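Below: final_33.pdb (PDB, C-alpha atoms and all ligand atoms)
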```
ATOM      1  CA  MET O  14      94.859 -97.096   7.092
ATOM      2  CA  SER O  15      94.946 -97.718   3.352
ATOM      3  CA  VAL O  16      97.531 -95.976   1.175
ATOM      4  CA  ALA O  17      97.285 -96.053  -2.624
ATOM      5  CA  LEU O  18     100.340 -97.544  -4.290
ATOM      6  CA  ASP O  19     102.085 -95.160  -6.661
ATOM      7  CA  PRO O  20     103.697 -97.138  -9.498
ATOM      8  CA  ASP O  21     105.409 -93.999 -10.860
ATOM      9  CA  GLU O  22     107.495 -93.486  -7.755
ATOM     10  CA  ILE O  23     110.993 -94.815  -8.508
ATOM     11  CA  GLY O  24     112.838 -96.879  -5.897
ATOM     12  CA  ALA O  25     111.247 -98.863  -3.107
ATOM     13  CA  LYS O  26     111.036 -97.635   0.454
ATOM     14  CA  ILE O  27     113.032 -99.936   2.681
ATOM     15  CA  ILE O  28     111.069-101.549   5.486
ATOM     16  CA  ASP O  29     113.512-101.449   8.373
ATOM     17  CA  GLY O  30     112.908-104.635  10.345
ATOM     18  CA  LYS O  31     115.791-103.913  12.716
ATOM     19  CA  GLU O  32     114.347-100.575  13.774
ATOM     20  CA  LEU O  33     110.823-101.945  14.090
ATOM     21  CA  ALA O  34     112.129-104.840  16.194
ATOM     22  CA  ARG O  35     114.075-102.431  18.379
ATOM     23  CA  SER O  36     110.917-100.466  19.126
ATOM     24  CA  VAL O  37     109.047-103.699  20.002
ATOM     25  CA  ARG O  38     111.852-104.749  22.372
ATOM     26  CA  ARG O  39     111.962-101.335  24.032
ATOM     27  CA  LYS O  40     108.204-101.402  24.597
ATOM     28  CA  ILE O  41     108.391-104.886  26.122
ATOM     29  CA  ARG O  42     111.275-103.842  28.370
ATOM     30  CA  ARG O  43     109.222-100.921  29.675
ATOM     31  CA  GLN O  44     106.224-103.214  30.306
ATOM     32  CA  VAL O  45     108.363-105.804  32.109
ATOM     33  CA  LYS O  46     109.819-103.169  34.447
ATOM     34  CA  LYS O  47     106.296-102.479  35.705
ATOM     35  CA  LEU O  48     105.464-106.143  36.406
ATOM     36  CA  LYS O  49     105.570-107.688  39.862
ATOM     37  CA  PHE O  50     106.884-110.956  38.424
ATOM     38  CA  THR O  51     109.471-112.020  35.852
ATOM     39  CA  PRO O  52     108.275-113.646  32.626
ATOM     40  CA  GLY O  53     110.216-116.851  31.916
ATOM     41  CA  LEU O  54     111.103-118.489  28.598
ATOM     42  CA  ALA O  55     112.603-121.983  28.323
ATOM     43  CA  VAL O  56     114.266-123.326  25.195
ATOM     44  CA  VAL O  57     114.765-127.037  24.597
ATOM     45  CA  GLN O  58     117.556-127.789  22.137
ATOM     46  CA  VAL O  59     118.356-131.351  21.166
ATOM     47  CA  GLY O  60     121.697-131.896  19.403
ATOM     48  CA  ASP O  61     124.232-129.233  18.490
ATOM     49  CA  ASP O  62     123.195-127.879  15.097
ATOM     50  CA  PRO O  63     125.481-124.817  14.815
ATOM     51  CA  ALA O  64     122.842-122.496  13.304
ATOM     52  CA  SER O  65     120.403-123.475  16.088
ATOM     53  CA  THR O  66     123.028-122.720  18.708
ATOM     54  CA  VAL O  67     123.405-119.191  17.276
ATOM     55  CA  TYR O  68     119.609-118.690  17.174
ATOM     56  CA  VAL O  69     119.261-119.907  20.754
ATOM     57  CA  SER O  70     121.994-117.633  22.022
ATOM     58  CA  ASN O  71     120.320-114.671  20.261
ATOM     59  CA  LYS O  72     117.058-115.549  22.004
ATOM     60  CA  GLU O  73     118.872-115.574  25.357
ATOM     61  CA  LYS O  74     120.356-112.131  24.634
ATOM     62  CA  ASP O  75     116.933-110.770  23.677
ATOM     63  CA  CYS O  76     115.423-112.129  26.903
ATOM     64  CA  GLN O  77     118.187-110.583  28.946
ATOM     65  CA  TYR O  78     117.604-107.186  27.308
ATOM     66  CA  VAL O  79     113.879-107.092  28.019
ATOM     67  CA  GLY O  80     114.222-108.503  31.550
ATOM     68  CA  PHE O  81     112.871-112.021  31.068
ATOM     69  CA  HIS O  82     114.251-115.042  32.849
ATOM     70  CA  SER O  83     115.517-117.483  30.208
ATOM     71  CA  GLU O  84     116.958-120.960  30.394
ATOM     72  CA  VAL O  85     118.233-123.344  27.760
ATOM     73  CA  HIS O  86     117.940-127.097  28.173
ATOM     74  CA  ARG O  87     120.579-128.562  25.871
ATOM     75  CA  MET O  88     120.200-132.282  25.383
ATOM     76  CA  PRO O  89     122.633-134.547  23.488
ATOM     77  CA  ALA O  90     121.598-135.655  19.982
ATOM     78  CA  GLU O  91     121.190-139.259  21.154
ATOM     79  CA  THR O  92     118.629-138.346  23.867
ATOM     80  CA  PRO O  93     115.556-140.597  23.490
ATOM     81  CA  GLN O  94     112.373-138.839  22.410
ATOM     82  CA  ALA O  95     110.630-139.854  25.643
ATOM     83  CA  ALA O  96     113.265-137.997  27.692
ATOM     84  CA  VAL O  97     112.775-134.831  25.631
ATOM     85  CA  ILE O  98     109.014-135.047  26.149
ATOM     86  CA  GLU O  99     109.542-135.570  29.872
ATOM     87  CA  GLN O 100     111.671-132.425  29.997
ATOM     88  CA  ILE O 101     108.918-130.471  28.266
ATOM     89  CA  HIS O 102     106.300-131.846  30.684
ATOM     90  CA  THR O 103     108.436-130.664  33.600
ATOM     91  CA  LEU O 104     108.593-127.181  32.053
ATOM     92  CA  ASN O 105     104.826-127.289  31.421
ATOM     93  CA  SER O 106     104.266-127.738  35.139
ATOM     94  CA  ARG O 107     106.620-124.966  36.334
ATOM     95  CA  GLU O 108     104.980-121.759  37.541
ATOM     96  CA  ASP O 109     107.998-119.585  36.697
ATOM     97  CA  ILE O 110     108.107-120.657  33.039
ATOM     98  CA  HIS O 111     105.503-118.951  30.852
ATOM     99  CA  GLY O 112     106.808-119.773  27.390
ATOM    100  CA  ILE O 113     108.511-122.886  26.006
ATOM    101  CA  ILE O 114     110.058-123.433  22.620
ATOM    102  CA  ALA O 115     111.496-126.560  21.057
ATOM    103  CA  GLN O 116     114.353-125.494  18.814
ATOM    104  CA  MET O 117     114.158-127.089  15.366
ATOM    105  CA  PRO O 118     115.609-129.050  13.667
ATOM    106  CA  VAL O 119     115.812-132.054  15.974
ATOM    107  CA  PRO O 120     117.879-135.169  15.153
ATOM    108  CA  ASP O 121     116.270-137.714  12.776
ATOM    109  CA  SER O 122     115.574-140.110  15.657
ATOM    110  CA  ILE O 123     113.086-137.612  17.079
ATOM    111  CA  ASP O 124     109.775-136.440  15.592
ATOM    112  CA  GLY O 125     109.741-132.628  15.670
ATOM    113  CA  ASP O 126     105.935-132.352  15.541
ATOM    114  CA  THR O 127     105.558-134.697  18.536
ATOM    115  CA  ILE O 128     108.031-132.611  20.519
ATOM    116  CA  ILE O 129     106.330-129.318  19.623
ATOM    117  CA  ASN O 130     102.932-130.735  20.579
ATOM    118  CA  ALA O 131     104.216-131.860  23.981
ATOM    119  CA  ILE O 132     104.288-128.140  24.844
ATOM    120  CA  MET O 133     101.006-127.089  26.423
ATOM    121  CA  PRO O 134      99.256-124.562  24.135
ATOM    122  CA  GLU O 135      99.176-121.990  26.968
ATOM    123  CA  LYS O 136     103.013-122.008  26.982
ATOM    124  CA  ASP O 137     103.534-122.386  23.229
ATOM    125  CA  ALA O 138     105.655-119.280  22.605
ATOM    126  CA  ASP O 139     106.276-120.196  18.960
ATOM    127  CA  GLY O 140     102.560-120.684  18.255
ATOM    128  CA  LEU O 141     103.293-123.939  16.462
ATOM    129  CA  THR O 142     101.228-126.488  18.385
ATOM    130  CA  LEU O 143      98.255-127.991  16.580
ATOM    131  CA  VAL O 144      95.910-126.137  18.936
ATOM    132  CA  ASN O 145      97.376-122.735  18.123
ATOM    133  CA  LEU O 146      97.618-123.463  14.391
ATOM    134  CA  GLY O 147      94.001-124.699  14.514
ATOM    135  CA  ASN O 148      92.917-121.469  16.203
ATOM    136  CA  LEU O 149      94.559-119.593  13.360
ATOM    137  CA  LEU O 150      92.647-121.701  10.851
ATOM    138  CA  ILE O 151      89.283-120.797  12.396
ATOM    139  CA  ASN O 152      90.219-117.105  12.717
ATOM    140  CA  ARG O 153      90.557-117.136  16.490
ATOM    141  CA  GLU O 154      94.202-116.198  16.610
ATOM    142  CA  GLN O 155      95.762-116.911  20.000
ATOM    143  CA  THR O 156      99.532-117.325  19.975
ATOM    144  CA  VAL O 157     100.589-117.056  16.335
ATOM    145  CA  PRO O 158     103.894-118.226  14.829
ATOM    146  CA  CYS O 159     106.651-115.638  15.155
ATOM    147  CA  THR O 160     107.784-115.197  11.546
ATOM    148  CA  PRO O 161     104.241-114.725  10.176
ATOM    149  CA  ALA O 162     103.424-112.364  13.073
ATOM    150  CA  GLY O 163     106.544-110.339  12.238
ATOM    151  CA  ILE O 164     105.612-110.224   8.541
ATOM    152  CA  ILE O 165     102.180-108.813   9.377
ATOM    153  CA  ARG O 166     103.810-106.039  11.450
ATOM    154  CA  LEU O 167     106.236-105.248   8.639
ATOM    155  CA  ILE O 168     103.362-104.930   6.160
ATOM    156  CA  GLU O 169     101.338-102.833   8.602
ATOM    157  CA  SER O 170     104.308-100.497   9.051
ATOM    158  CA  THR O 171     104.068 -99.486   5.370
ATOM    159  CA  GLY O 172     100.551 -98.124   5.805
ATOM    160  CA  VAL O 173      99.412-100.178   2.793
ATOM    161  CA  GLY O 174      96.011-101.696   3.520
ATOM    162  CA  ILE O 175      95.769-105.484   3.777
ATOM    163  CA  GLU O 176      92.001-105.780   3.462
ATOM    164  CA  GLY O 177      90.964-106.428  -0.122
ATOM    165  CA  SER O 178      94.568-106.549  -1.372
ATOM    166  CA  ARG O 179      95.903-109.360  -3.518
ATOM    167  CA  VAL O 180      98.552-111.304  -1.650
ATOM    168  CA  VAL O 181     100.775-113.933  -3.207
ATOM    169  CA  CYS O 182     102.769-116.200  -0.878
ATOM    170  CA  VAL O 183     105.541-118.071  -2.652
ATOM    171  CA  GLY O 184     106.123-121.013  -0.318
ATOM    172  CA  ARG O 185     103.582-123.009   1.675
ATOM    173  CA  SER O 186     105.516-124.374   4.656
ATOM    174  CA  SER O 187     103.709-124.880   7.974
ATOM    175  CA  LEU O 188     106.271-122.594   9.610
ATOM    176  CA  VAL O 189     105.922-119.543   7.348
ATOM    177  CA  GLY O 190     103.992-119.650   4.066
ATOM    178  CA  LYS O 191     100.764-121.334   5.152
ATOM    179  CA  PRO O 192     100.265-119.479   8.460
ATOM    180  CA  VAL O 193     101.124-116.041   7.037
ATOM    181  CA  GLY O 194      98.657-116.634   4.197
ATOM    182  CA  LEU O 195      95.994-117.577   6.745
ATOM    183  CA  MET O 196      96.729-114.511   8.859
ATOM    184  CA  LEU O 197      96.328-112.309   5.787
ATOM    185  CA  LEU O 198      93.144-114.126   4.803
ATOM    186  CA  ASN O 199      91.852-113.503   8.343
ATOM    187  CA  ARG O 200      92.543-109.810   7.638
ATOM    188  CA  ASN O 201      90.445-110.015   4.445
ATOM    189  CA  ALA O 202      93.175-110.159   1.813
ATOM    190  CA  THR O 203      92.707-112.345  -1.273
ATOM    191  CA  VAL O 204      95.481-114.894  -0.931
ATOM    192  CA  THR O 205      97.181-117.106  -3.524
ATOM    193  CA  TYR O 206      99.770-119.710  -2.547
ATOM    194  CA  CYS O 207     102.541-120.666  -4.975
ATOM    195  CA  HIS O 208     104.885-123.641  -4.648
ATOM    196  CA  THR O 209     106.980-126.031  -6.711
ATOM    197  CA  ARG O 210     103.959-127.268  -8.690
ATOM    198  CA  THR O 211     102.664-123.790  -9.566
ATOM    199  CA  ARG O 212     102.475-123.643 -13.366
ATOM    200  CA  GLU O 213     103.160-119.972 -14.086
ATOM    201  CA  LEU O 214     104.878-118.415 -11.126
ATOM    202  CA  PHE O 215     105.593-115.202 -13.061
ATOM    203  CA  SER O 216     101.997-114.437 -13.912
ATOM    204  CA  GLU O 217     100.884-115.215 -10.336
ATOM    205  CA  THR O 218     103.446-113.000  -8.634
ATOM    206  CA  GLN O 219     102.816-110.137 -11.078
ATOM    207  CA  GLN O 220      99.278-109.842  -9.656
ATOM    208  CA  ALA O 221     100.436-109.287  -6.089
ATOM    209  CA  ASP O 222      99.897-106.038  -4.206
ATOM    210  CA  ILE O 223     101.749-107.787  -1.400
ATOM    211  CA  LEU O 224     104.303-110.423  -2.392
ATOM    212  CA  ILE O 225     105.800-112.732   0.222
ATOM    213  CA  ALA O 226     108.748-114.916  -0.726
ATOM    214  CA  ALA O 227     109.351-117.749   1.748
ATOM    215  CA  VAL O 228     111.180-120.255  -0.392
ATOM    216  CA  GLY O 229     114.877-120.592   0.414
ATOM    217  CA  ARG O 230     116.024-120.117  -3.219
ATOM    218  CA  PRO O 231     118.426-117.160  -3.516
ATOM    219  CA  ARG O 232     117.187-114.360  -5.824
ATOM    220  CA  LEU O 233     114.259-116.406  -7.207
ATOM    221  CA  ILE O 234     112.035-113.323  -7.412
ATOM    222  CA  THR O 235     113.246-110.924 -10.090
ATOM    223  CA  ALA O 236     111.991-107.481 -11.128
ATOM    224  CA  GLY O 237     109.803-108.801 -13.967
ATOM    225  CA  MET O 238     107.816-110.870 -11.457
ATOM    226  CA  VAL O 239     106.841-107.882  -9.329
ATOM    227  CA  LYS O 240     103.891-105.530  -9.814
ATOM    228  CA  PRO O 241     105.099-101.898  -9.784
ATOM    229  CA  GLY O 242     104.536-100.384  -6.348
ATOM    230  CA  ALA O 243     104.015-103.736  -4.583
ATOM    231  CA  VAL O 244     105.028-104.489  -1.008
ATOM    232  CA  VAL O 245     107.721-107.185  -1.200
ATOM    233  CA  ILE O 246     108.543-109.198   1.912
ATOM    234  CA  ASP O 247     111.642-111.369   1.615
ATOM    235  CA  VAL O 248     111.608-114.156   4.198
ATOM    236  CA  GLY O 249     114.272-116.334   2.591
ATOM    237  CA  ILE O 250     117.750-116.422   3.969
ATOM    238  CA  THR O 251     120.459-118.559   2.430
ATOM    239  CA  ILE O 252     124.157-118.445   3.189
ATOM    240  CA  THR O 253     126.111-118.100  -0.059
ATOM    241  CA  GLU O 254     129.602-116.962  -1.054
ATOM    242  CA  ASP O 255     128.162-113.414  -1.126
ATOM    243  CA  GLY O 256     126.933-113.721   2.476
ATOM    244  CA  PHE O 257     123.266-113.939   3.474
ATOM    245  CA  VAL O 258     121.025-113.778   0.422
ATOM    246  CA  GLY O 259     117.244-113.549   0.297
ATOM    247  CA  ASP O 260     114.718-115.037  -2.109
ATOM    248  CA  VAL O 261     114.342-111.661  -3.799
ATOM    249  CA  ASP O 262     116.816-110.201  -6.266
ATOM    250  CA  TYR O 263     117.027-107.064  -4.170
ATOM    251  CA  GLU O 264     118.916-104.841  -6.618
ATOM    252  CA  SER O 265     116.461-105.252  -9.497
ATOM    253  CA  VAL O 266     113.260-105.565  -7.450
ATOM    254  CA  GLU O 267     114.089-102.500  -5.396
ATOM    255  CA  GLU O 268     113.587-100.393  -8.558
ATOM    256  CA  VAL O 269     110.067-101.733  -9.158
ATOM    257  CA  ALA O 270     108.571-102.388  -5.719
ATOM    258  CA  GLY O 271     106.926 -99.759  -3.528
ATOM    259  CA  PHE O 272     108.305-101.241  -0.317
ATOM    260  CA  ILE O 273     110.891-103.954   0.269
ATOM    261  CA  THR O 274     112.468-105.737   3.230
ATOM    262  CA  PRO O 275     116.252-106.129   3.187
ATOM    263  CA  VAL O 276     118.082-109.388   3.948
ATOM    264  CA  PRO O 277     119.444-109.354   6.555
ATOM    265  CA  GLY O 278     117.611-106.745   8.616
ATOM    266  CA  GLY O 279     114.009-107.356   7.561
ATOM    267  CA  VAL O 280     111.994-110.380   8.646
ATOM    268  CA  GLY O 281     114.684-111.964  10.858
ATOM    269  CA  PRO O 282     114.783-109.292  13.592
ATOM    270  CA  MET O 283     110.990-109.159  13.692
ATOM    271  CA  THR O 284     110.790-112.939  14.149
ATOM    272  CA  ARG O 285     112.949-112.556  17.264
ATOM    273  CA  ALA O 286     110.885-109.638  18.532
ATOM    274  CA  MET O 287     107.617-111.543  18.103
ATOM    275  CA  LEU O 288     108.928-114.382  20.277
ATOM    276  CA  LEU O 289     109.384-111.863  23.087
ATOM    277  CA  GLU O 290     105.923-110.458  22.519
ATOM    278  CA  ASN O 291     104.342-113.923  22.508
ATOM    279  CA  THR O 292     106.144-114.815  25.735
ATOM    280  CA  LEU O 293     104.988-111.641  27.450
ATOM    281  CA  GLU O 294     101.390-112.238  26.370
ATOM    282  CA  LEU O 295     101.505-115.824  27.659
ATOM    283  CA  ALA O 296     102.974-114.621  30.951
ATOM    284  CA  LEU O 297     100.318-111.936  31.377
ATOM    285  CA  ALA O 298      97.570-114.443  30.583
ATOM    286  CA  ARG O 299      98.709-116.718  33.442
ATOM    287  CA  LYS O 300      98.843-114.006  36.107
TER
HETATM  288  P1  LIG D   1     110.547-124.858   3.402
HETATM  289  O1  LIG D   1     109.845-125.600   4.461
HETATM  290  O2  LIG D   1     111.709-125.495   2.691
HETATM  291  O3  LIG D   1     109.456-124.435   2.298
HETATM  292  C1  LIG D   1     109.854-123.868   1.087
HETATM  293  C2  LIG D   1     108.633-123.625   0.243
HETATM  294  O4  LIG D   1     109.060-123.027  -0.987
HETATM  295  C3  LIG D   1     107.861-124.898  -0.118
HETATM  296  O5  LIG D   1     106.473-124.670   0.000
HETATM  297  C4  LIG D   1     108.252-125.143  -1.584
HETATM  298  O6  LIG D   1     107.219-125.726  -2.344
HETATM  299  C5  LIG D   1     108.492-123.737  -2.078
HETATM  300  N1  LIG D   1     109.420-123.705  -3.195
HETATM  301  C6  LIG D   1     110.663-124.236  -3.256
HETATM  302  N2  LIG D   1     111.231-123.983  -4.464
HETATM  303  C7  LIG D   1     110.329-123.264  -5.156
HETATM  304  C8  LIG D   1     110.308-122.705  -6.457
HETATM  305  N3  LIG D   1     111.365-122.824  -7.283
HETATM  306  N4  LIG D   1     109.209-122.061  -6.880
HETATM  307  C9  LIG D   1     108.131-121.913  -6.055
HETATM  308  N5  LIG D   1     108.085-122.417  -4.792
HETATM  309  C10 LIG D   1     109.176-123.087  -4.364
HETATM  310  O7  LIG D   1     111.103-123.467   3.925
HETATM  311  P2  LIG D   1     110.575-122.481   5.097
HETATM  312  O8  LIG D   1     110.839-123.085   6.421
HETATM  313  O9  LIG D   1     109.213-121.965   4.763
HETATM  314  O10 LIG D   1     111.635-121.294   4.892
HETATM  315  C11 LIG D   1     111.708-120.575   3.681
HETATM  316  C12 LIG D   1     112.892-119.630   3.725
HETATM  317  O11 LIG D   1     112.658-118.684   4.770
HETATM  318  C13 LIG D   1     114.235-120.270   4.065
HETATM  319  O12 LIG D   1     115.254-119.581   3.391
HETATM  320  C14 LIG D   1     114.373-120.068   5.565
HETATM  321  O13 LIG D   1     115.720-120.050   5.977
HETATM  322  C15 LIG D   1     113.742-118.709   5.693
HETATM  323  N6  LIG D   1     113.193-118.433   7.028
HETATM  324  C16 LIG D   1     113.534-117.241   7.572
HETATM  325  C17 LIG D   1     113.019-116.899   8.811
HETATM  326  C18 LIG D   1     113.385-115.588   9.406
HETATM  327  O14 LIG D   1     113.067-115.332  10.549
HETATM  328  N7  LIG D   1     114.028-114.699   8.657
HETATM  329  C19 LIG D   1     112.163-117.764   9.496
HETATM  330  C20 LIG D   1     111.807-118.961   8.893
HETATM  331  C21 LIG D   1     112.329-119.274   7.641
HETATM  332  P3  LIG D   1     106.652-127.246  -2.087
HETATM  333  O15 LIG D   1     105.722-127.106  -0.902
HETATM  334  O16 LIG D   1     105.940-127.573  -3.338
HETATM  335  O17 LIG D   1     107.848-128.081  -1.795
END
```
Starting from the coordinates I provided, produce the structure as structure tokens.
Amino acid sequence: MSVALDPDEIGAKIIDGKELARSVRRKIRRQVKKLKFTPGLAVVQVGDDPASTVYVSNKEKDCQYVGFHSEVHRMPAETPQAAVIEQIHTLNSREDIHGIIAQMPVPDSIDGDTIINAIMPEKDADGLTLVNLGNLLINREQTVPCTPAGIIRLIESTGVGIEGSRVVCVGRSSLVGKPVGLMLLNRNATVTYCHTRTRELFSETQQADILIAAVGRPRLITAGMVKPGAVVIDVGITITEDGFVGDVDYESVEEVAGFITPVPGGVGPMTRAMLLENTLELALARK
């Protein structure tokens, strides 16, 4: 469905990621109740990065809610890379484990990409192996990365059409910016990527019907950078003295945009929900 943007309407509609995520979780829970087996997700965490520990425990809670089996393999920071890969190979071969994720970041002694690619693509719940990213590149989306998948759902929830729209992604990381741009390109948007070498960020972002900020610089995107009526998706999350702050200057942009995601409560909850959805799809594909 395509909805015309109305630049005269004052004040953005808030895209409620928490509520959308809740409805995804409820749907998965209902589906799981009907299954004759239990989907299983395994998390491999190397080291004790405090933020990772919080993320992992949230993933466990989410699994518990929807009725998945979950297990966390915590390995000390000094674990050799070969031992981490061996652990992943063991999980690859287990029938009761349908999804595996390698929690990032890993200690410097370990190569994160090597660890991620030890996961077999059929169990790659984060959609970050080279095979799954390659499938995205050739428009044969299989398991797609969770944050980009969540962003697509958030945009779809506005009713604003993606096809033919101008999308600007500020940020080009392999985790968020690049794959979400590809997913939108696959849905026939016209996509521009901006990054630290972009010459005139302002004039690029002002063109966007859909503006995605995945940078990690608090309040980088201000009202003057936003086209009136645009859909603004704020992926960034930085802990500051004021609490969690996004890449978008919410108070000023909210007056210009048509739709906006809050931080927290926008992209984050949907990222978590998409991990559950990916795991369920992988589980169903193996049965
Ligand atoms: P990243 O790997 O550090 O990438 C940041 C990107 O922003 C890079 O492409 C960089 O350009 C670009 N950039 C940095 N400063 C810029 C500037 N002043 N102007 C224009 N572009 C600039 O970060 P990431 O992993 O994509 O994460 C981005 C943010 O999203 C972080 O705050 C992260 O915490 C958050 N995040 C949230 C979720 C969630 O679920 N809510 C999930 C993932 C990430 P170069 O390529 O030129 O360096």
* To do: Check what the PyMOL selection byres (((not hetatm)) within 8 of (chain D and resi 1)) selects in the file above and give those residues as a ChimeraX atom specification.
  => /O:159-160,183-190,207-211,214,226-231,233,248-251,259-260,277,279-285
* Asked: Mind listing as a ChimeraX atom specification all residues within 9 Å of (95.3, -108.9, 5.3), counting only C-alpha atoms?
  -> /O:165,174-180,194-204
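Picked by the PyMOL selection byres (((chain O and resi 79) around 8) and not hetatm) from the coordinates shown: Arg38, Arg39, Ile41, Arg42, Arg43, Val45, Asp75, Cys76, Gln77, Tyr78, Gly80 and Phe81 of chain O.
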Write a file of the just-selected residues containing C-alpha atoms, as a PDB file, in the coordinates of the input.
```pdb
ATOM      1  CA  ARG O  38     111.852-104.749  22.372  1.00  0.00           C
ATOM      2  CA  ARG O  39     111.962-101.335  24.032  1.00  0.00           C
ATOM      3  CA  ILE O  41     108.391-104.886  26.122  1.00  0.00           C
ATOM      4  CA  ARG O  42     111.275-103.842  28.370  1.00  0.00           C
ATOM      5  CA  ARG O  43     109.222-100.921  29.675  1.00  0.00           C
ATOM      6  CA  VAL O  45     108.363-105.804  32.109  1.00  0.00           C
ATOM      7  CA  ASP O  75     116.933-110.770  23.677  1.00  0.00           C
ATOM      8  CA  CYS O  76     115.423-112.129  26.903  1.00  0.00           C
ATOM      9  CA  GLN O  77     118.187-110.583  28.946  1.00  0.00           C
ATOM     10  CA  TYR O  78     117.604-107.186  27.308  1.00  0.00           C
ATOM     11  CA  GLY O  80     114.222-108.503  31.550  1.00  0.00           C
ATOM     12  CA  PHE O  81     112.871-112.021  31.068  1.00  0.00           C
TER      13      PHE O  81
END
```
* Any chance you could work out the residue set of the PyMOL selection byres (((chain O and resi 243) around 6) and not hetatm) here, as a VMD selection string? -> chain O and resid 222 to 223 240 to 242 244 270 to 271
* Compile the contact shell of segment 141-157 of chain O as a PyMOL selection string: residues with an atom at most 12 Å away, counting all atoms listed in the file, same-chain residues fewer than 5 positions apart removed. => chain O and resi 112-117+125-136+162-165+187-189+191-201+284+287-296+298
* **Residue among O:Ile168, O:Ala90, O:Ala95, O:Ala221 lying closest to Pro118 of chain O, counting all atoms listed in the file** => O:Ala90
Report the centre and edge lengths, in Å to one decimal, of an axis-aligned box enclosing every atom of segment 239-254 of chain O listed in the file, padded by 6 Å on each side, as lines of an AutoDock Vina configuration file.
```
center_x = 116.7
center_y = -109.5
center_z = -2.8
size_x = 37.7
size_y = 30.2
size_z = 26.0
```
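Between Val119 of chain O and the candidates O:Leu54, O:Leu33, O:Ile101, O:Val59, the tightest atom-to-atom separation, counting only C-alpha atoms, involves O:Val59.
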* To do: Quick one: everything within 7 Å of Ile234 of chain O, counting all atoms listed in the file, minus sequence neighbours fewer than 4 positions away in the same chain. Send it as a VMD selection string.
  => chain O and resid 238 260 to 262
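Going from atom CA of Gly30 of chain O over to atom CA of Thr274 of chain O, you cover 7.2 Å.
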